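Written below as structure tokens is the structure these notes are about.
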Number of protein chains: 2
Amino acid sequence: MEKFKRSERVAAIFSILVEHPNQLFTYQAFEERFAASKTTISEDVAILRQLVKRLDSGEIVTQSGAAGGVLFQPHLNREETVEFITRIGKRIMEKERLIAGGFIYMTDLLNHPDTVFTFGKIFADRYSDPKIDYVVTVETKGIPVALATARILNVPMVTIRKNIKVTEGTTVNINYRSGSTGQIQTMSLSKRAIPAGAHVLLIDDFMRGGGTLRGMIEMVREFEAVVEGVGVLVATEEPDRKLVQDYYAMFKLISVDEQTGEVVILPNLD
Amino acid sequence: MEKFKRSERVAAIFSILVEHPNQLFTYQAFEERFAASKTTISEDVAILRQLVKRLDSGEIVTQSGAAGGVLFQPHLNREETVEFITRIGKRIMEKERLIAGGFIYMTDLLNHPDTVFTFGKIFADRYSDPKIDYVVTVETKGIPVALATARILNVPMVTIRKNIKVTEGTTVNINYRSGSTGQIQTMSLSKRAIPAGAHVLLIDDFMRGGGTLRGMIEMVREFEAVVEGVGVLVATEEPDRKLVQDYYAMFKLISVDEQTGEVVILPNLD
């Protein structure tokens with residue numbers, strides 16, 4: 001095999017790490033793939049470590065020992081984060097988003113890959129420690145953001161269903177009171193979905209009273225798993241007392257004026 | 001600003017292209033980002049074009065002119081595709097997946113980011129021409145694969161809902177007969193979701209009779225959009241006559257034996 005040049009090898013290794021965030025690759029895998037010595041690959045990785053630091057785009061983490069290797073932990077730098085959250089906050093306030101009943105049409109933002117993966121990067125960055133094993137959401141609208149977060153953390157996503165489904169096998173079912181409607185509803189999750197002791201991150205698109213998220217927390221506890229964090233895209237300012245206390249919301253919905261079509265959103269830049 | 005070395009610049013540019021597949025970046029953006037001349041960036045891109053060809057991992061496409069720039073179109077090479085589809089096919093046949101009613105538990109495979117993004121890469125590769133504008137799915141289980149495909153094609157995903165939702169505003173609603181249950185059901189999509197004339201790719205996780213996909217095709221036609229392709233993960237062999245003729249299924253489900261727990265899956269390597 002013709003040798004790869006340093007610039008080629010460094011680029012190829014970096015692209016593999018970037019395409020599979022938080023996934024550990026052994027030096028040996030790269031040695032074989034690029035027919036290079038361990039010393040050469042180590043030098044390549046050192047170049048990438050410096051590069052990533054300079055670009056402020058994450059961290060190249062190396063682990064030594066038998067199970068050792070290298071992984072890329074992406075990170076959205078402060079400037080990019082502020083620009084992104086501010087820009088999306090403005091978009092949520094666009095007048096034409098207001099629909100009958102005072103709801104805000106956000107489906108396009110929740111389904112646009114570039115936007116969704118930036119949401120995911122921000123959530124993954126906040127909940128990178130302690131190690132998350134599963135990202136859990138409830139159908140339907142939060143699924144893309146949850147998947148993006150799971151992709152970046154390199155862990156499976158779990159979707160709690162709002163109805164009992166025959167394709168899920170034996171399920172655990174939780175009754176919860178939806179904070180918005182006040183109605184009792186059922187959520188359902190396959191018994192196979194989460195092993196006991198797992199550390200999970202809960203992700204959802206919207207929170208008003210927190211009833212759904214409270215139900216999700218109860219569900220996770222039924223599996224004897226541990227909730228390490230709760231991330232939502234938009235939380236309403238009112239009611240101030242929510243059924244979930246400890247959460248991070250990327251945006252706070254201050255007010256909706258159905259008469260004028262005015263929506264006030266506060267981006268959370270903490 | 002201290003200059004970037006060639007190996008650093010090539011790696012950084014490649015990582016940006018790989019992280020945002022099928023997204024066009026202008027040369028000017030890279031010139032500014034890396035404080036380099038157009039000639040230098042052109043040389044970097046030429047290196048990447050050769051590298052990607054050698055790795056058989058896709059194509060670096062350059063467009064000249066005022067709206068010109070460079071993009072990366074990823075591709076799973078033949079060897080990787082065969083290995084992946086064969087391996088996942090075997091996993092679907094694992095005996096413990098069979099659940100009451102003859103259903104196969106596939107939720108873990110449908111929610112594992114690495115698996116899902118490889119599904120997406122294969123679908124995106126098949127439907128890269130003509131240009132797709134939207135990837136359309138129906139809730140719930142196909143959403144991750146649809147999002148992954150949309151991410152790679154760099155287009156929005158659209159999720160058809162199985163119930164009319166207040167948060168979607170004015171909707172178009174279609175009645176369809178589910179091929180599996182024989183029951184009439186309703187699917188619903190916000191009028192804002194797809195503009196007239198759009199070219200769409202339909203993605204779903206499972207097809208038996210094709211009733212749901214037939215409904216999705218009708219839905220897309222209501223929006224005066226054009227269906228350019230139908231991709232499903234698993235299609236059953238029976239019934240042979242489906243309500244949708246022209247589709248690609250990654251796996252064919254030949255038989256399920258509830259007595260022995262034996263599932264026969266045929267990977268589609270065409």
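The chains in the structure tokens are called A, B, ... from first to last as shown; in each chain the residues are counted from 1, and the ligands are counted from 1 in the order shown.
Proximity to chain A at a cut-off of 6 Å picks out Ser7, Ala11, Ser15, Ile99, Phe103, Asn111, His112, Pro113, Arg151, Pro156, Met157, Thr167 and Gly169 of chain B on chain B, counting only C-alpha atoms.
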Can you write out the residues you just picked, keeping C-alpha atoms, as a PDB file, in the first residue's frame?
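part29.pdb, freshly written:
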ATOM      1  CA  SER B   7      -1.889  19.202   7.897  1.00  0.00           C
ATOM      2  CA  ALA B  11      -7.819  18.262   8.850  1.00  0.00           C
ATOM      3  CA  SER B  15     -13.818  17.824   9.775  1.00  0.00           C
ATOM      4  CA  ILE B  99     -42.417 -11.021  21.248  1.00  0.00           C
ATOM      5  CA  PHE B 103     -43.687  -9.061  16.451  1.00  0.00           C
ATOM      6  CA  ASN B 111     -32.514   4.030  18.429  1.00  0.00           C
ATOM      7  CA  HIS B 112     -28.807   3.310  18.435  1.00  0.00           C
ATOM      8  CA  PRO B 113     -27.099   6.355  16.899  1.00  0.00           C
ATOM      9  CA  ARG B 151     -28.935  14.954   8.240  1.00  0.00           C
ATOM     10  CA  PRO B 156     -35.290  19.069   6.801  1.00  0.00           C
ATOM     11  CA  MET B 157     -37.192  16.072   8.107  1.00  0.00           C
ATOM     12  CA  THR B 167     -49.410  22.489  18.081  1.00  0.00           C
ATOM     13  CA  GLY B 169     -51.811  24.671  13.346  1.00  0.00           C
TER      14      GLY B 169
END
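Using only C-alpha atoms, the protein and nucleic acid residues lying no more than 12 Å from Gly65 (chain A), apart from those fewer than 4 places from it along its own chain, are Thr26, Tyr27, Gly69 and Val70 of chain A.
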Preceding selection exported with C-alpha atoms as a JSON list (two decimals), in the first residue's frame:
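Result file follows (part_24.json):
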[["chain", "number", "residue", "atom", "x", "y", "z"],
["A", 26, "THR", "CA", -7.67, 2.23, 19.44],
["A", 27, "TYR", "CA", -4.30, 3.36, 18.10],
["A", 69, "GLY", "CA", -7.23, 4.80, 22.48],
["A", 70, "VAL", "CA", -8.41, 8.20, 21.40]]
- Item | Those in region 50-135 of chain B with helix (DSSP H, G or I) from DSSP, as a ChimeraX atom specification | /B:50-55,78-92,95-97,107-110,113-126
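Atom to atom, CA of Ile160 (chain B) and CA of Asp204 (chain A) stand 18.8 Å apart.
From CA of Ile254 (chain A) back to CA of Thr86 (chain A), the distance works out to 15.0 Å.
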